[in-house]
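Have a look at input-v8.tsv; it's TSV, C-alpha atoms:
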```
chain	number	residue	atom	x	y	z
A	314	MET	CA	24.38	-12.40	-57.55
A	315	THR	CA	23.44	-15.22	-59.95
A	316	LEU	CA	21.38	-14.92	-63.10
A	317	ALA	CA	18.56	-16.95	-61.49
A	318	SER	CA	18.31	-14.57	-58.52
A	319	VAL	CA	18.23	-11.57	-60.82
A	320	SER	CA	15.39	-13.17	-62.79
A	321	GLN	CA	13.49	-13.97	-59.58
A	322	ASN	CA	13.80	-10.40	-58.29
A	323	HIS	CA	12.57	-9.11	-61.65
A	324	GLU	CA	9.51	-11.39	-61.52
A	325	ASN	CA	8.73	-10.30	-57.94
A	326	ALA	CA	8.90	-6.66	-58.97
A	327	ILE	CA	6.47	-7.29	-61.83
A	328	VAL	CA	4.00	-9.08	-59.52
A	329	ASN	CA	4.20	-6.33	-56.89
A	330	ASN	CA	3.61	-3.62	-59.46
A	331	LEU	CA	0.69	-5.56	-60.93
A	332	MET	CA	-0.95	-6.00	-57.52
A	333	TYR	CA	-0.44	-2.32	-56.77
A	334	PHE	CA	-2.17	-1.40	-60.06
A	335	ILE	CA	-5.08	-3.78	-59.37
A	336	ASN	CA	-5.48	-2.34	-55.88
A	337	LEU	CA	-5.67	1.17	-57.34
A	338	VAL	CA	-8.36	0.11	-59.81
A	339	VAL	CA	-10.63	-2.02	-57.60
A	340	LEU	CA	-9.69	-0.54	-54.17
A	341	TYR	CA	-9.05	-4.03	-52.81
A	342	ASP	CA	-7.57	-2.88	-49.46
A	343	PHE	CA	-10.49	-0.54	-48.80
A	344	PHE	CA	-12.95	-3.28	-49.72
A	345	VAL	CA	-11.33	-5.76	-47.31
A	346	TYR	CA	-11.16	-3.10	-44.58
A	347	THR	CA	-14.87	-2.33	-44.97
A	348	LEU	CA	-15.79	-6.02	-44.82
A	349	THR	CA	-13.68	-6.46	-41.69
A	350	ILE	CA	-15.21	-3.44	-39.91
A	351	ASN	CA	-18.74	-4.55	-40.78
A	352	SER	CA	-17.98	-8.04	-39.51
A	353	VAL	CA	-16.65	-6.63	-36.25
A	354	HIS	CA	-19.77	-4.49	-35.77
A	355	ARG	CA	-22.06	-7.43	-36.45
A	356	ASN	CA	-20.22	-9.60	-33.92
A	357	LEU	CA	-19.25	-6.93	-31.40
A	358	GLU	CA	-21.13	-8.53	-28.51
A	359	THR	CA	-19.58	-11.92	-29.29
A	360	ALA	CA	-16.12	-10.34	-29.40
A	361	ARG	CA	-16.75	-8.61	-26.07
A	362	LEU	CA	-17.87	-11.87	-24.45
A	363	CYS	CA	-14.81	-13.66	-25.84
A	364	TYR	CA	-12.58	-10.93	-24.44
A	365	LEU	CA	-14.19	-11.13	-20.99
A	366	THR	CA	-14.03	-14.93	-21.00
A	367	VAL	CA	-10.34	-14.97	-21.90
A	368	ALA	CA	-9.66	-12.28	-19.27
A	369	SER	CA	-11.55	-14.25	-16.62
A	370	VAL	CA	-9.69	-17.46	-17.44
A	371	ASP	CA	-6.37	-15.62	-17.45
A	372	ALA	CA	-7.10	-14.05	-14.05
A	373	SER	CA	-8.24	-17.39	-12.62
A	374	VAL	CA	-5.11	-19.17	-13.86
A	375	ALA	CA	-2.90	-16.42	-12.40
A	376	THR	CA	-4.71	-16.60	-9.05
A	377	ALA	CA	-4.54	-20.40	-8.96
A	378	SER	CA	-0.83	-20.28	-9.77
A	379	TYR	CA	-0.29	-17.72	-6.99
A	380	ILE	CA	-2.15	-19.89	-4.48
A	381	HIS	CA	-0.18	-22.96	-5.59
A	382	ARG	CA	3.12	-21.16	-4.94
A	383	HIS	CA	2.06	-19.91	-1.49
A	384	THR	CA	0.89	-22.54	0.97
A	385	ASP	CA	0.68	-20.16	3.95
A	386	ILE	CA	-2.43	-18.28	2.86
A	387	CYS	CA	-6.06	-18.38	3.98
A	388	ASN	CA	-9.52	-17.45	2.76
A	389	PRO	CA	-10.55	-14.40	4.82
A	390	GLN	CA	-13.96	-13.59	6.23
A	391	LEU	CA	-15.67	-10.29	5.43
A	392	ASN	CA	-18.11	-8.89	7.99
A	393	ASP	CA	-20.33	-5.88	8.58
A	394	GLN	CA	-19.45	-5.56	12.28
A	395	MET	CA	-16.37	-3.28	12.07
A	396	THR	CA	-14.21	-6.20	13.21
A	397	LEU	CA	-10.65	-6.62	12.01
A	398	GLU	CA	-8.60	-9.64	13.02
A	399	LEU	CA	-5.35	-11.12	11.74
A	400	GLN	CA	-3.50	-14.23	12.84
A	401	ASN	CA	0.14	-14.63	11.79
A	402	ALA	CA	-0.14	-12.14	8.94
A	403	TYR	CA	2.86	-11.04	6.90
A	404	HIS	CA	3.71	-8.86	3.91
A	405	PRO	CA	3.96	-10.96	0.71
A	406	LEU	CA	6.82	-8.90	-0.74
A	407	LEU	CA	9.17	-9.71	2.15
A	408	THR	CA	11.41	-12.73	1.63
A	409	SER	CA	12.33	-12.77	5.33
A	410	TYR	CA	9.40	-11.84	7.53
A	411	VAL	CA	8.05	-12.07	11.07
A	412	PRO	CA	4.30	-12.81	11.18
A	413	ASN	CA	2.14	-10.65	13.42
A	414	SER	CA	-1.34	-11.01	14.86
A	415	TYR	CA	-3.99	-8.43	15.62
A	416	PRO	CA	-6.84	-9.59	17.88
A	417	ALA	CA	-10.48	-9.22	16.93
A	418	ALA	CA	-11.46	-5.78	18.11
A	419	GLN	CA	-13.75	-2.95	17.18
A	420	THR	CA	-11.18	-0.34	18.14
A	421	SER	CA	-8.58	1.55	16.18
A	422	ALA	CA	-4.86	1.15	16.86
A	423	LEU	CA	-2.22	3.69	17.87
A	424	ILE	CA	1.19	2.09	17.25
A	425	THR	CA	4.38	3.47	18.79
A	426	GLY	CA	7.91	2.17	18.50
A	427	SER	CA	11.54	2.85	17.70
A	428	ASN	CA	12.84	3.61	14.23
A	429	MET	CA	13.03	0.55	11.94
A	430	ALA	CA	11.15	-1.59	14.48
A	431	GLY	CA	8.34	-2.56	12.11
A	432	LYS	CA	5.54	0.00	12.57
A	433	THR	CA	5.14	1.01	8.93
A	434	THR	CA	5.60	-2.54	7.67
A	435	PHE	CA	2.75	-3.68	9.89
A	436	ILE	CA	0.18	-1.20	8.60
A	437	LYS	CA	1.33	-1.98	5.05
A	438	THR	CA	0.77	-5.65	5.86
A	439	VAL	CA	-2.78	-4.85	6.92
A	440	GLY	CA	-3.37	-2.82	3.78
A	441	VAL	CA	-2.03	-5.27	1.21
A	442	ASN	CA	-3.80	-8.23	2.82
A	443	TYR	CA	-7.06	-6.29	2.88
A	444	ILE	CA	-6.76	-5.55	-0.85
A	445	LEU	CA	-5.98	-9.21	-1.57
A	446	ALA	CA	-8.97	-10.22	0.56
A	447	ARG	CA	-11.37	-8.00	-1.38
A	448	ALA	CA	-9.90	-8.69	-4.83
A	449	LEU	CA	-8.89	-12.37	-4.70
A	450	TRP	CA	-10.40	-13.69	-1.45
A	451	LEU	CA	-7.03	-14.64	0.01
A	452	CYS	CA	-4.73	-13.37	2.74
A	453	HIS	CA	-1.16	-14.06	3.75
A	454	ALA	CA	-2.13	-15.22	7.24
A	455	THR	CA	-3.38	-18.31	9.03
A	456	SER	CA	-6.77	-16.59	9.49
A	457	ALA	CA	-8.21	-13.16	8.84
A	458	GLN	CA	-11.43	-11.21	8.95
A	459	PHE	CA	-12.08	-7.71	7.70
A	460	PRO	CA	-15.01	-5.31	7.66
A	461	ALA	CA	-16.32	-4.68	4.15
A	462	LEU	CA	-15.18	-1.05	3.98
A	463	ASN	CA	-13.19	1.13	1.63
A	464	ILE	CA	-9.54	1.57	2.56
A	465	HIS	CA	-7.46	4.75	2.36
A	466	SER	CA	-3.84	5.37	3.34
A	467	SER	CA	-1.43	8.18	4.08
A	468	ILE	CA	1.89	6.35	4.11
A	469	LYS	CA	4.18	7.85	1.49
A	470	THR	CA	3.28	11.52	1.49
A	471	GLU	CA	5.55	13.76	-0.59
A	472	ASP	CA	5.96	17.48	-1.08
A	473	GLY	CA	4.99	19.05	-4.40
A	474	LEU	CA	7.54	21.51	-5.75
A	475	GLU	CA	5.57	22.22	-8.92
A	476	GLU	CA	2.42	23.04	-6.94
A	477	GLY	CA	4.36	24.88	-4.24
A	478	LYS	CA	3.20	22.47	-1.54
A	479	SER	CA	5.34	21.63	1.47
A	480	PHE	CA	5.47	18.18	3.00
A	481	TYR	CA	3.23	19.27	5.86
A	482	PHE	CA	0.70	20.87	3.51
A	483	SER	CA	0.49	17.62	1.54
A	484	GLU	CA	-0.20	15.80	4.80
A	485	LEU	CA	-2.91	18.30	5.68
A	486	GLU	CA	-4.65	17.85	2.34
A	487	ARG	CA	-4.57	14.07	2.54
A	488	LEU	CA	-5.99	13.91	6.07
A	489	LYS	CA	-8.56	16.58	5.26
A	490	GLU	CA	-9.87	14.16	2.63
A	491	PHE	CA	-10.17	11.50	5.35
A	492	VAL	CA	-12.17	13.93	7.50
A	493	ARG	CA	-14.38	14.79	4.53
A	494	LEU	CA	-15.18	11.12	3.94
A	495	THR	CA	-16.09	10.75	7.61
A	496	THR	CA	-18.30	13.85	7.51
A	497	LYS	CA	-20.15	12.39	4.52
A	498	GLY	CA	-20.95	9.34	6.63
A	499	GLU	CA	-18.65	6.94	4.76
A	500	ARG	CA	-17.10	4.30	7.00
A	501	CYS	CA	-13.53	3.39	6.08
A	502	ILE	CA	-10.27	1.81	7.13
A	503	PHE	CA	-7.58	4.49	7.42
A	504	LEU	CA	-3.86	3.65	7.50
A	505	ILE	CA	-1.71	6.61	8.58
A	506	ASP	CA	2.06	6.53	8.95
A	507	GLU	CA	3.66	8.99	11.41
A	508	ILE	CA	0.88	11.55	11.36
A	509	TYR	CA	1.86	15.21	10.82
A	510	ARG	CA	5.59	14.53	11.05
A	511	GLY	CA	6.20	17.59	8.87
A	512	THR	CA	5.54	20.17	11.60
A	513	ASN	CA	6.58	21.14	15.15
A	514	THR	CA	6.04	18.86	18.13
A	515	VAL	CA	3.33	20.76	20.06
A	516	GLU	CA	1.09	21.44	17.08
A	517	ARG	CA	1.74	17.99	15.65
A	518	ILE	CA	0.45	16.31	18.80
A	519	ALA	CA	-2.47	18.73	19.15
A	520	GLY	CA	-3.56	18.43	15.52
A	521	ALA	CA	-3.07	14.67	15.43
A	522	ALA	CA	-5.10	14.13	18.60
A	523	ALA	CA	-8.02	16.17	17.28
A	524	VAL	CA	-8.06	14.53	13.84
A	525	LEU	CA	-7.60	10.99	15.15
A	526	GLN	CA	-10.40	11.42	17.69
A	527	ASN	CA	-12.69	12.49	14.87
A	528	LEU	CA	-11.71	9.67	12.52
A	529	ALA	CA	-12.09	6.94	15.14
A	530	GLN	CA	-15.75	7.76	15.83
A	531	SER	CA	-17.03	5.73	12.89
A	532	ASN	CA	-13.96	4.20	11.22
A	533	ILE	CA	-11.11	1.80	11.87
A	534	VAL	CA	-7.86	3.76	12.06
A	535	MET	CA	-4.36	2.34	12.28
A	536	VAL	CA	-1.79	5.05	12.88
A	537	THR	CA	1.92	4.93	13.68
A	538	THR	CA	3.73	7.64	15.63
A	539	HIS	CA	6.82	8.47	17.64
A	540	ASP	CA	4.75	10.78	19.85
A	541	ILE	CA	3.88	8.65	22.86
A	542	GLU	CA	2.15	11.73	24.29
A	543	LEU	CA	-0.76	10.92	21.97
A	544	THR	CA	-1.62	7.93	24.14
A	545	ARG	CA	-2.82	10.35	26.86
A	546	PHE	CA	-5.48	11.75	24.54
A	547	LEU	CA	-6.47	8.67	22.55
A	548	SER	CA	-6.44	5.74	24.97
A	549	LYS	CA	-10.26	5.64	25.18
A	550	GLN	CA	-10.77	5.32	21.42
A	551	TYR	CA	-7.60	3.52	20.38
A	552	GLY	CA	-5.92	0.32	21.38
A	553	ILE	CA	-2.31	1.14	22.28
A	554	TRP	CA	0.34	-1.05	20.64
A	555	HIS	CA	4.07	-0.92	20.15
A	556	PHE	CA	7.18	-2.47	18.67
A	557	GLU	CA	10.27	-2.56	20.88
A	558	GLU	CA	13.99	-3.23	20.85
A	559	THR	CA	15.39	-6.55	22.04
A	560	GLY	CA	18.65	-5.21	23.45
A	561	ASN	CA	20.54	-7.63	21.20
A	562	VAL	CA	23.32	-5.87	19.28
A	563	THR	CA	23.22	-8.19	16.25
A	564	GLU	CA	19.40	-8.40	16.10
A	565	PRO	CA	18.07	-5.23	17.74
A	566	PHE	CA	14.41	-5.88	16.82
A	567	ASP	CA	12.12	-8.89	16.86
A	568	TYR	CA	9.42	-7.05	14.82
A	569	LYS	CA	6.59	-8.35	17.04
A	570	LEU	CA	3.51	-6.26	17.77
A	571	ARG	CA	2.82	-5.93	21.50
A	572	PRO	CA	0.16	-4.17	23.57
A	573	GLY	CA	1.12	-1.04	25.47
A	574	ILE	CA	3.40	1.96	25.00
A	575	CYS	CA	6.95	1.80	23.65
A	576	THR	CA	9.42	2.77	26.38
A	577	THR	CA	12.63	2.80	24.33
A	578	ARG	CA	14.15	5.19	21.79
A	579	ASN	CA	16.89	4.60	19.27
A	580	ALA	CA	17.25	7.68	17.06
A	581	ILE	CA	20.52	8.83	18.63
A	582	LYS	CA	21.80	5.26	18.80
A	583	LEU	CA	21.25	4.94	15.05
A	584	MET	CA	23.24	8.15	14.53
A	585	SER	CA	26.13	6.52	16.35
A	586	ASN	CA	25.75	3.19	14.57
A	587	ILE	CA	26.08	4.68	11.08
A	588	GLY	CA	29.18	6.69	11.99
A	589	TYR	CA	28.22	10.14	13.28
A	590	PRO	CA	31.15	11.71	15.18
A	591	GLU	CA	31.07	10.92	18.89
A	592	HIS	CA	30.99	14.58	19.96
A	593	ILE	CA	27.76	15.04	18.00
A	594	THR	CA	26.01	11.99	19.45
A	595	GLU	CA	27.14	12.85	22.99
A	596	SER	CA	25.83	16.38	22.53
A	597	ALA	CA	22.53	14.96	21.29
A	598	LYS	CA	22.27	12.73	24.36
A	599	ALA	CA	22.89	15.71	26.64
A	600	VAL	CA	20.12	17.72	24.96
A	601	ALA	CA	17.79	14.72	25.23
A	602	ARG	CA	18.45	14.46	28.97
A	603	VAL	CA	17.62	18.14	29.44
A	604	LEU	CA	14.38	17.81	27.48
A	605	GLU	CA	13.37	14.69	29.40
A	606	SER	CA	14.03	16.37	32.74
A	607	GLU	CA	11.81	19.31	31.75
A	608	SER	CA	8.93	17.18	30.52
```
As structure tokens - that is how I would like this structure written.
Amino acid sequence: MTLASVSQNHENAIVNNLMYFINLVVLYDFFVYTLTINSVHRNLETARLCYLTVASVDASVATASYIHRHTDICNPQLNDQMTLELQNAYHPLLTSYVPNSYPAAQTSALITGSNMAGKTTFIKTVGVNYILARALWLCHATSAQFPALNIHSSIKTEDGLEEGKSFYFSELERLKEFVRLTTKGERCIFLIDEIYRGTNTVERIAGAAAVLQNLAQSNIVMVTTHDIELTRFLSKQYGIWHFEETGNVTEPFDYKLRPGICTTRNAIKLMSNIGYPEHITESAKAVARVLESES
């Protein structure tokens, strides 16, 4: 350390101590703080308007940038006629996607299909595009129209260990809220993934049929299920749709939404594909044949 640096440090210490003493005497920091607070209060409305203006510009720039990066989007139409229509819609978070269309209809949709065929992705596609339509007036589709309703979903239901709630009980609570909204007279879009999958087959089908009949009376409901038996009870209120397998080993699904009931199953095939022992999968097939013969 040189003599000059020592002298400089000594001078800085003197200045700092002097400023500290002056601040104690005249309360300079408190005085400046008071002036600042008073200035803020006098100009609070101006500050609020500046904040909202900057936020609006920031949101507009972000939206414009998003639109610039995505050429395959449209400006949707909102209606009061309970009509939902999508042409070549896709989920924006998928890098590799297959667009799907849903024709203009005033009916709800019961969607069946094999595992991993695209059922859940489709109702998520409807949901995210609806939110984008209401918030930013854009959709990832060639054309789209939605009813101006609130949207609710039951897609990723979880159990609650801390509350002592089973998976099925969590499902019950969520769908009870949907029924409550309907009873109040609120019209909504409901997205439901594999309804009541947390309980036994007979009561699952019975409970699902009753709830879905109630919800479809004044709402648009899109529900996925593996229970094709539901089509017997809901075909008058719901359009029946499905995703199916292609039969191609390398590309088993084409992820296209089609009208009608799914006629294929792949749960046991998936067990075999990921390496379950052959004696287990063969036993599963035998049980499936017995159950099918009794139904």
Using only C-alpha atoms, which residues sit within 9 Å of A:Phe556 once same-chain residues fewer than 5 positions away are excluded, as a ChimeraX atom specification? /A:424-427,430-432,566-572,574-575
I'd like the contact shell of A:Lys489 - 12 Å cut-off, all atoms listed in the file, skipping same-chain residues fewer than 5 positions apart - returned as JSON, numbers by chain. {"A": [467, 482, 483, 484, 494, 495, 496, 509, 520, 521, 524, 525, 527, 528]}
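Between atom CA of A:Leu449 and atom CA of A:Tyr379 there is a distance of 10.4 Å.
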Please determine, counting all atoms listed in the file, which residue among A:Phe435, A:Tyr551, A:Tyr481, A:Phe546 has the shortest atom-to-atom distance to A:Ala519.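 The closest residue to A:Ala519 is A:Phe546.
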Nearest residue to A:Val411 from the set A:Ser373, A:Thr438, A:Gln390, A:Thr594 (distances using only C-alpha atoms):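 Closest to A:Val411 of all the choices is A:Thr438.
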Which neighbours of A:Lys469 fall inside 12 Å, counting only C-alpha atoms, when residues of the same chain fewer than 3 positions from it are skipped, and could you give them as number ranges by chain? A: 433, 437, 466, 472, 480, 483-484, 487, 504-508, 510
One-decimal distance in Å that lies between atom CA of A:Glu557 and atom CA of A:Asn586: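 So the two atoms, atom CA of A:Asn586 and atom CA of A:Glu557, lie 17.7 Å apart.
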Which one of A:Ala523, A:Leu604, A:Cys452, A:Ala457 sits closest to A:His383 if you count all atoms listed in the file?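 Among the listed residues, the smallest separation from A:His383 belongs to A:Cys452.
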Quick one, how far is atom CA of A:His555 from atom CA of A:Arg602?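 Those two atoms sit 22.8 Å apart.
Minimum atom-to-atom distances from A:His539, A:Lys497, A:Arg382, A:His465 to A:Pro405 were compared using all atoms listed in the file, and the lowest value belongs to A:Arg382.
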